[in-house]
There are 2 protein chains.
Amino acid sequence: MPTPPQAPPSPTCTLKDLAVRSGISAATLSRVLNHPQIVRPDLRAKAEVVLAEAGYVPHGAARSLASRRTRTIGAVVPTLDSALFAKIVEGLQHRVHAAGYQLLVASSGYSPAREGAQVRSLIERGVDGVMLVGAVHADATIRMLQTRGIPFVSTCHYDPRAAWPTVGWDNVASAERVADYLMDIGHRRFAVIAGLTTDNDRAADRVNGFRRAIERRGGALAAADVLQRPYTVVEGRSAMASLLRRPKPPTAVLCGNDILAFGALQECLWQELDVPGQISITGFDDIEMAAHCRPGITTLHVPATEIGERAAAVLLTAIAGEAAGGADDHVNLELELILRGTTAPPAGARPVARSAAAPRRRAAASMEKT
Amino acid sequence: MPTPPQAPPSPTCTLKDLAVRSGISAATLSRVLNHPQIVRPDLRAKAEVVLAEAGYVPHGAARSLASRRTRTIGAVVPTLDSALFAKIVEGLQHRVHAAGYQLLVASSGYSPAREGAQVRSLIERGVDGVMLVGAVHADATIRMLQTRGIPFVSTCHYDPRAAWPTVGWDNVASAERVADYLMDIGHRRFAVIAGLTTDNDRAADRVNGFRRAIERRGGALAAADVLQRPYTVVEGRSAMASLLRRPKPPTAVLCGNDILAFGALQECLWQELDVPGQISITGFDDIEMAAHCRPGITTLHVPATEIGERAAAVLLTAIAGEAAGGADDHVNLELELILRGTTAPPAGARPVARSAAAPRRRAAASMEKT
DNA sequence: TTGAAAGCGCTAACAT
DNA sequence: ATGTTAGCGCTTTCAA
C-alpha cells in the first residue's frame, strides 16, 4: 500500500475536537457544513481547511438525532432480481443521490407482511421518505407511514383515488390494448401466462385487462386458459409447453411480463414451432432482451428508469415541503405498444382490416432484420 | 380505510413517555428491548405489553448514537441493473435481514471515485460493515474503512494476498478454462467481446485469462481481436456484427459475460448463421437466460446468491467479533463450466481427442432438446 | 434486578 | 456573524 498522500485521519474526530483544536466553535463548524452562506467567507474558508485536513466525516446518527432528518430514503420492492425493479431502483437512486440522500433498499418477496416488516425497519432507521411498489399493502403498513407523517409513493400502478401519491400506469388498460391488438389482427383463441396474482395487483390487473378486452368482443377466457407462474424463464417455458400439449392450442399467448414471454418463446423455438406463423406471443415491460432476441418480442414499453426518477422527485418534493405527500399526485404514464416479430395474424386468417388507431410495427432495434 | 384494529399509535412515543405512563423506567424498557434475559420475567412481560400497546418503534438515530452501532450494512455495486449483482445483493440482503440488519445499497457505475464517495456516505450513515465488488478500489476508500475499523469484504474476485476478506473466484483461471475447452475441441481463431476493462479488474482478468491460455498453446490474441464493450445486449450484437464483417471471422468468440454472449448469439441468429456450426460463442456468469435460449449458451456458472450470502456471513462474523475483518478470509469458489449449444468443434476440424479432464456436455435445462 | 444519571455528536435556539 | 447552551432519544455505567 502506498504512503498516505494526505495526513492520516484520526480514527474519528468530532466537531468538538476540531473546535478545541482550531479555535472555531463547533456551532460555526456545523454551520459551515449545513448553511455555508451564513458564515463570513474568511472564517468559512478557514473552517473548511480545518475540516478537510482532519478528514472529517460527520456522524450521521448524531446529526439526525439533532436535526430530525436522516437524508435517507427507503425503497421496498418485491425483488431486486428483476430487470424492471432493478432499473426503477437505479433511477430512484440516481435522483436521491443527487440530492444528497442515500437509499435503503429492502425486498418483500411479494409478501405484504414482509413488506410491512421492512417498512417498519426503515422507519426505525428514520427514513425521510419511502417508495413502495403496487397498490396493495397491509393496512398497518400504510398506517405506520401516515401516523408519522413520512412521505411515501407507490409505483407501477395508477390509481387516481389513492390517498397517497402514485407513479405508474394503468395495468388494466394497458393489457386491454395488447389483447385488442391481437384481436385486430385476427386472433380469437387465447391463453394467458400470467404472474402469480396473489398479493400482486399488477399481475391481477393485467389478467383482468386481457379478459375484459376479450369479453368485450364476445370472446371468453376460461379459468383454465390462465396459467399463473412465478416470473422466471423456466416457468414461461414450462407453461408454454403445457399449452402446446393441448389438443387445440391457442393461436396467441399473452404473457404477464417479458421474462415469461421469453421463456414461452424459447420453448416454441426448441419445439421448432414457427413464431409468429403458428403462434403469437406478447410480453410486458420491454426489457432489453425483448428487442434483440429473434424474433423480437411484441410488448408494452415500461419506462422503468423514469418511474424511479419521478418517484424520487415526488418524495423529494414532499420532504422539502414538509408535506406528507399530496394525494393529488398521480402520475399516469402511457405505455407504448412495441410491435415486434412474435406477433402476426393467425395461420389461415383472412386479412383483417387494421383499425385506424392500431400501432404500426416498428423495427425493434437498429440492427434488426425485417 | 377500515377501523384501526389496534390502538392508534401516537405519532411518536419515546421510551421516556412510556416510562412516565407505565411506571417502568426507561432504562428497564430499553433492557427489555436489548437484553430481555436480564429483566425479571414478570416485569419484562409487563413492559412488553406496554411497548406493544403503544406501537413503539425505536428511534434508530438515538439508538446508534448511544450504542455506537447502526445495525446497518452497506453495499456498493457497479450497477443494480445486472442479473449478477442484483442476485448478489439479494443474497446479502436475506442474510443480513435475518440477523436484524438493514441494507444500504449504492452503485458506483464502475467508477472508483464514485465508489469512494458512496463509501464515505455509507460511513456517515454509520454502517457497521461494507460489501464491495472487485479488487480495485481507490486508496482513500480502503483507508477510510480501515481507519475506522469498519469491517468490509470485496466480492467477485479471488486474491489470497488481499489485506481484507474476499469472497469470489479466480477470473483469470476461469477464463483460461473456457479458452482451453475451446482449443480442446479444435478452435484456433478467436476473438473476445470483453467488458470495459478500465477500472474493472474482473473484465481485465478474464481477457488476461483468455489470452494466457491461447498463448500457452502457441496461439495469439491480437489487440484488434479484443473488443471492449459495455455489458449490454445491443453492444454484444454490434460487436459480433463487426466481427462477422471481417474477411476471416473467428471460429469462436469468447464473451466477457452472458449479456454480451446473448447479444452476440442473437446477432448470428438474425444473420442466419449456424451457431455452433459456423461459429462458437461462450459467456460468463450463467444467468437464467443462458440455459433457456436456443441454442443454450456455454458459460461458467457463478453462484451469485451464495456469494452474497457468504459475504454477509463474513461481515456479520467480523462485526460480532469486533474484528476489523480477518485478512485470512479468502473464499475461492470454483466455477463450473456449463456446456451448452453455442459451442462445438469448428467446421472442417478433424475430430480432436477430448482431454480426460474435459467437462461433459450437459442438458442445460430439463426441457432442453438435444 | 432496577432506577437515576451521564453522555453519544450534532444542530438549532438563544444570546451576544 | 459567532459563540454558548440545551437538548434530540437512547444505552449504559453506576448506585441502590
# chains A, B, ... in the order shown; residues from 1 in each chain; ligands from 1
$ select_by_dssp --residues "range 131-339 of chain A" --states "strand (DSSP E or B)" --output "ChimeraX atom specification"
/A:131-133,152-155,166-168,190-194,226-228,252-255,280-282,285,298-301,330-332,336-338
$ interface_residues --of "chain A" --to "chain B" --cutoff "8 Å" --atoms "only C-alpha atoms" --output "VMD selection string"
chain A and resid 1 9 to 12 57 to 62 64 to 65 79 to 83 86 to 87 89 to 90 93 102 to 107 120 to 126 139 147 to 148 233 to 234 238 263 266 269 to 271 288 to 289 292 to 294 367 to 369
$ interface_residues --of "chain C" --to "chain A" --cutoff "6 Å" --atoms "only C-alpha atoms (C1' of nucleotides)" --output "list in words"
DG9, DC10 and DT11 of chain C
$ write_last_selection --atoms "N, CA and C atoms (P, O5', C5', C4', C3', O3' and C1' of nucleotides)" --output "mmCIF file, in the first residue's frame"
data_model
loop_
_atom_site.group_PDB
_atom_site.id
_atom_site.type_symbol
_atom_site.label_atom_id
_atom_site.label_comp_id
_atom_site.auth_asym_id
_atom_site.auth_seq_id
_atom_site.Cartn_x
_atom_site.Cartn_y
_atom_site.Cartn_z
ATOM 1 P P DG C 9 -18.775 10.646 20.410
ATOM 2 O "O5'" DG C 9 -19.432 11.668 19.389
ATOM 3 C "C5'" DG C 9 -20.033 11.189 18.198
ATOM 4 C "C4'" DG C 9 -20.846 12.304 17.588
ATOM 5 C "C3'" DG C 9 -20.062 13.592 17.308
ATOM 6 O "O3'" DG C 9 -20.231 13.900 15.939
ATOM 7 C "C1'" DG C 9 -22.065 14.066 18.465
ATOM 8 P P DC C 10 -19.830 15.223 15.231
ATOM 9 O "O5'" DC C 10 -21.231 15.969 15.177
ATOM 10 C "C5'" DC C 10 -22.258 15.399 14.369
ATOM 11 C "C4'" DC C 10 -23.575 16.020 14.715
ATOM 12 C "C3'" DC C 10 -23.727 17.469 14.273
ATOM 13 O "O3'" DC C 10 -24.448 17.491 13.045
ATOM 14 C "C1'" DC C 10 -24.598 17.078 16.487
ATOM 15 P P DT C 11 -24.610 18.857 12.264
ATOM 16 O "O5'" DT C 11 -25.886 19.498 12.965
ATOM 17 C "C5'" DT C 11 -27.125 18.794 12.881
ATOM 18 C "C4'" DT C 11 -28.191 19.572 13.615
ATOM 19 C "C3'" DT C 11 -28.472 20.970 13.077
ATOM 20 O "O3'" DT C 11 -29.886 21.108 13.086
ATOM 21 C "C1'" DT C 11 -27.961 21.096 15.384
#
$ interface_residues --of "chain D" --to "chain A" --cutoff "8 Å" --atoms "only C-alpha atoms (C1' of nucleotides)" --output "PyMOL selection string"
chain D and resi 1-3+8-9
$ write_last_selection --atoms "N, CA and C atoms (P, O5', C5', C4', C3', O3' and C1' of nucleotides)" --output "mmCIF file, in the first residue's frame"
data_model
loop_
_atom_site.group_PDB
_atom_site.id
_atom_site.type_symbol
_atom_site.label_atom_id
_atom_site.label_comp_id
_atom_site.auth_asym_id
_atom_site.auth_seq_id
_atom_site.Cartn_x
_atom_site.Cartn_y
_atom_site.Cartn_z
ATOM 1 P P DA D 1 -24.340 38.300 8.727
ATOM 2 O "O5'" DA D 1 -23.125 37.363 9.210
ATOM 3 C "C5'" DA D 1 -21.822 37.844 9.032
ATOM 4 C "C4'" DA D 1 -21.036 37.561 10.281
ATOM 5 C "C3'" DA D 1 -20.632 36.097 10.444
ATOM 6 O "O3'" DA D 1 -19.326 36.069 11.017
ATOM 7 C "C1'" DA D 1 -21.979 36.748 12.278
ATOM 8 P P DT D 2 -18.448 34.816 11.089
ATOM 9 O "O5'" DT D 2 -18.707 34.306 12.555
ATOM 10 C "C5'" DT D 2 -17.901 34.821 13.621
ATOM 11 C "C4'" DT D 2 -18.508 34.447 14.937
ATOM 12 C "C3'" DT D 2 -18.339 32.987 15.350
ATOM 13 O "O3'" DT D 2 -17.276 32.935 16.277
ATOM 14 C "C1'" DT D 2 -20.446 33.904 16.005
ATOM 15 P P DG D 3 -16.743 31.560 16.816
ATOM 16 O "O5'" DG D 3 -17.480 31.521 18.227
ATOM 17 C "C5'" DG D 3 -17.223 32.561 19.160
ATOM 18 C "C4'" DG D 3 -18.151 32.423 20.342
ATOM 19 C "C3'" DG D 3 -18.060 31.078 21.063
ATOM 20 O "O3'" DG D 3 -18.102 31.323 22.466
ATOM 21 C "C1'" DG D 3 -20.297 31.501 20.440
ATOM 22 P P DC D 8 -35.444 17.045 24.294
ATOM 23 O "O5'" DC D 8 -35.092 16.309 22.928
ATOM 24 C "C5'" DC D 8 -35.407 16.873 21.663
ATOM 25 C "C4'" DC D 8 -34.745 16.005 20.605
ATOM 26 C "C3'" DC D 8 -34.856 14.515 20.910
ATOM 27 O "O3'" DC D 8 -35.932 13.993 20.131
ATOM 28 C "C1'" DC D 8 -32.595 15.140 20.272
ATOM 29 P P DG D 9 -37.157 13.219 20.821
ATOM 30 O "O5'" DG D 9 -36.540 11.792 21.124
ATOM 31 C "C5'" DG D 9 -36.193 10.934 20.050
ATOM 32 C "C4'" DG D 9 -35.407 9.762 20.590
ATOM 33 C "C3'" DG D 9 -36.104 8.964 21.690
ATOM 34 O "O3'" DG D 9 -36.057 7.604 21.311
ATOM 35 C "C1'" DG D 9 -33.929 9.563 22.365
#
$ residues_around --residues "range 201-211 of chain B" --least-positions-apart "4" --cutoff "10 Å" --atoms "only C-alpha atoms (C1' of nucleotides)" --output "JSON list (two decimals) with N, CA and C atoms, in the first residue's frame"
[["chain", "number", "residue", "atom", "x", "y", "z"],
["B", 133, "VAL", "N", -17.36, -4.63, -4.56],
["B", 133, "VAL", "CA", -17.17, -5.57, -5.66],
["B", 133, "VAL", "C", -15.80, -5.34, -6.30],
["B", 134, "GLY", "N", -15.06, -6.42, -6.47],
["B", 134, "GLY", "CA", -13.80, -6.33, -7.20],
["B", 134, "GLY", "C", -12.58, -6.02, -6.37],
["B", 135, "ALA", "N", -11.44, -6.08, -7.03],
["B", 135, "ALA", "CA", -10.16, -5.94, -6.34],
["B", 135, "ALA", "C", -9.66, -4.50, -6.34],
["B", 136, "VAL", "N", -10.11, -3.72, -7.31],
["B", 136, "VAL", "CA", -9.57, -2.38, -7.49],
["B", 136, "VAL", "C", -10.42, -1.31, -6.82],
["B", 137, "HIS", "N", -9.81, -0.58, -5.91],
["B", 137, "HIS", "CA", -10.53, 0.50, -5.22],
["B", 137, "HIS", "C", -9.57, 1.66, -5.01],
["B", 156, "CYS", "N", -16.49, -11.16, -5.93],
["B", 156, "CYS", "CA", -16.34, -11.41, -7.36],
["B", 156, "CYS", "C", -14.90, -11.49, -7.83],
["B", 157, "HIS", "N", -13.99, -11.64, -6.91],
["B", 157, "HIS", "CA", -12.60, -11.88, -7.32],
["B", 157, "HIS", "C", -11.95, -12.71, -6.23],
["B", 158, "TYR", "N", -10.79, -13.26, -6.54],
["B", 158, "TYR", "CA", -10.08, -14.03, -5.53],
["B", 158, "TYR", "C", -8.66, -13.50, -5.46],
["B", 169, "TRP", "N", -13.98, -15.66, -6.92],
["B", 169, "TRP", "CA", -13.36, -16.73, -7.72],
["B", 169, "TRP", "C", -12.21, -16.12, -8.50],
["B", 170, "ASP", "N", -11.43, -17.00, -9.10],
["B", 170, "ASP", "CA", -10.28, -16.56, -9.87],
["B", 170, "ASP", "C", -10.70, -16.31, -11.32],
["B", 171, "ASN", "N", -10.80, -15.05, -11.68],
["B", 171, "ASN", "CA", -11.27, -14.73, -13.03],
["B", 171, "ASN", "C", -10.28, -15.16, -14.10],
["B", 172, "VAL", "N", -9.01, -15.04, -13.83],
["B", 172, "VAL", "CA", -8.02, -15.44, -14.81],
["B", 172, "VAL", "C", -8.11, -16.94, -15.08],
["B", 173, "ALA", "N", -8.05, -17.71, -14.02],
["B", 173, "ALA", "CA", -8.08, -19.16, -14.17],
["B", 173, "ALA", "C", -9.38, -19.63, -14.82],
["B", 174, "SER", "N", -10.49, -19.00, -14.43],
["B", 174, "SER", "CA", -11.78, -19.40, -15.00],
["B", 174, "SER", "C", -11.81, -19.13, -16.50],
["B", 175, "ALA", "N", -11.31, -17.96, -16.88],
["B", 175, "ALA", "CA", -11.28, -17.63, -18.31],
["B", 175, "ALA", "C", -10.39, -18.60, -19.06],
["B", 176, "GLU", "N", -9.29, -18.98, -18.42],
["B", 176, "GLU", "CA", -8.40, -19.94, -19.08],
["B", 176, "GLU", "C", -9.11, -21.25, -19.37],
["B", 177, "ARG", "N", -9.94, -21.67, -18.43],
["B", 177, "ARG", "CA", -10.65, -22.94, -18.63],
["B", 177, "ARG", "C", -11.52, -22.89, -19.86],
["B", 178, "VAL", "N", -12.19, -21.77, -20.05],
["B", 178, "VAL", "CA", -13.08, -21.64, -21.20],
["B", 178, "VAL", "C", -12.27, -21.72, -22.50],
["B", 179, "ALA", "N", -11.20, -20.96, -22.53],
["B", 179, "ALA", "CA", -10.37, -20.95, -23.74],
["B", 179, "ALA", "C", -9.78, -22.33, -23.99],
["B", 180, "ASP", "N", -9.35, -22.98, -22.91],
["B", 180, "ASP", "CA", -8.78, -24.32, -23.06],
["B", 180, "ASP", "C", -9.80, -25.28, -23.65],
["B", 190, "PHE", "N", -9.62, -17.01, -32.56],
["B", 190, "PHE", "CA", -10.52, -16.45, -31.55],
["B", 190, "PHE", "C", -10.71, -14.94, -31.66],
["B", 191, "ALA", "N", -11.82, -14.51, -31.11],
["B", 191, "ALA", "CA", -11.98, -13.08, -30.84],
["B", 191, "ALA", "C", -12.64, -13.00, -29.46],
["B", 192, "VAL", "N", -12.46, -11.87, -28.81],
["B", 192, "VAL", "CA", -13.04, -11.67, -27.49],
["B", 192, "VAL", "C", -13.94, -10.45, -27.50],
["B", 193, "ILE", "N", -15.15, -10.61, -27.00],
["B", 193, "ILE", "CA", -16.01, -9.44, -26.76],
["B", 193, "ILE", "C", -16.01, -9.26, -25.25],
["B", 194, "ALA", "N", -15.14, -8.36, -24.81],
["B", 194, "ALA", "CA", -14.95, -8.20, -23.36],
["B", 194, "ALA", "C", -15.77, -7.05, -22.84],
["B", 195, "GLY", "N", -15.88, -6.99, -21.53],
["B", 195, "GLY", "CA", -16.46, -5.80, -20.91],
["B", 195, "GLY", "C", -15.43, -4.68, -20.96],
["B", 196, "LEU", "N", -15.81, -3.52, -20.50],
["B", 196, "LEU", "CA", -14.85, -2.41, -20.42],
["B", 196, "LEU", "C", -13.85, -2.72, -19.31],
["B", 197, "THR", "N", -12.58, -2.80, -19.66],
["B", 197, "THR", "CA", -11.60, -3.24, -18.65],
["B", 197, "THR", "C", -11.08, -2.10, -17.76],
["B", 215, "GLU", "N", -2.09, -18.21, -25.64],
["B", 215, "GLU", "CA", -0.65, -18.12, -25.91],
["B", 215, "GLU", "C", 0.10, -19.33, -25.40],
["B", 216, "ARG", "N", -0.40, -19.90, -24.33],
["B", 216, "ARG", "CA", 0.27, -21.07, -23.79],
["B", 216, "ARG", "C", 0.31, -22.20, -24.81],
["B", 219, "GLY", "N", -0.88, -20.01, -29.58],
["B", 219, "GLY", "CA", -1.73, -19.12, -30.35],
["B", 219, "GLY", "C", -1.48, -17.67, -29.99],
["B", 220, "ALA", "N", -2.26, -16.78, -30.57],
["B", 220, "ALA", "CA", -2.10, -15.37, -30.24],
["B", 220, "ALA", "C", -3.44, -14.67, -30.30],
["B", 221, "LEU", "N", -3.54, -13.65, -29.51],
["B", 221, "LEU", "CA", -4.76, -12.85, -29.49],
["B", 221, "LEU", "C", -4.32, -11.40, -29.71],
["B", 222, "ALA", "N", -4.49, -10.93, -30.93],
["B", 222, "ALA", "CA", -4.06, -9.56, -31.24],
["B", 222, "ALA", "C", -4.96, -8.56, -30.53],
["B", 226, "VAL", "N", -9.64, -8.15, -29.52],
["B", 226, "VAL", "CA", -10.33, -7.95, -28.25],
["B", 226, "VAL", "C", -11.18, -6.68, -28.33],
["B", 228, "GLN", "N", -13.76, -4.22, -26.59],
["B", 228, "GLN", "CA", -14.29, -3.89, -25.26],
["B", 228, "GLN", "C", -15.61, -3.14, -25.38],
["B", 254, "LEU", "N", -15.20, -15.46, -27.50],
["B", 254, "LEU", "CA", -15.27, -15.54, -26.03],
["B", 254, "LEU", "C", -15.85, -14.23, -25.51],
["B", 255, "CYS", "N", -16.94, -14.32, -24.80],
["B", 255, "CYS", "CA", -17.57, -13.08, -24.33],
["B", 255, "CYS", "C", -17.33, -12.87, -22.84],
["B", 256, "GLY", "N", -17.27, -11.61, -22.46],
["B", 256, "GLY", "CA", -16.97, -11.22, -21.07],
["B", 256, "GLY", "C", -18.08, -11.55, -20.09],
["B", 257, "ASN", "N", -19.30, -11.63, -20.59],
["B", 257, "ASN", "CA", -20.38, -12.13, -19.73],
["B", 257, "ASN", "C", -21.54, -12.63, -20.59],
["B", 284, "PHE", "N", -20.25, -15.91, -19.61],
["B", 284, "PHE", "CA", -19.66, -15.93, -18.27],
["B", 284, "PHE", "C", -20.75, -15.46, -17.31]]
$ select_by_dssp --residues "range 65-166 of chain B" --states "helix (DSSP H, G or I)" --output "VMD selection string"
chain B and resid 65 to 67 83 to 98 112 to 124 139 to 147
$ residues_around --residues "His330 in chain A" --least-positions-apart "2" --cutoff "10 Å" --atoms "only C-alpha atoms (C1' of nucleotides)" --output "ChimeraX atom specification"
/A:153-155,157-169,314,326-328,332-333
$ residues_around --residues "DT13 in chain D" --least-positions-apart "2" --cutoff "12 Å" --atoms "only C-alpha atoms (C1' of nucleotides)" --output "JSON, numbers by chain"
{"B": [27], "C": [4, 5, 6, 7], "D": [11, 15]}
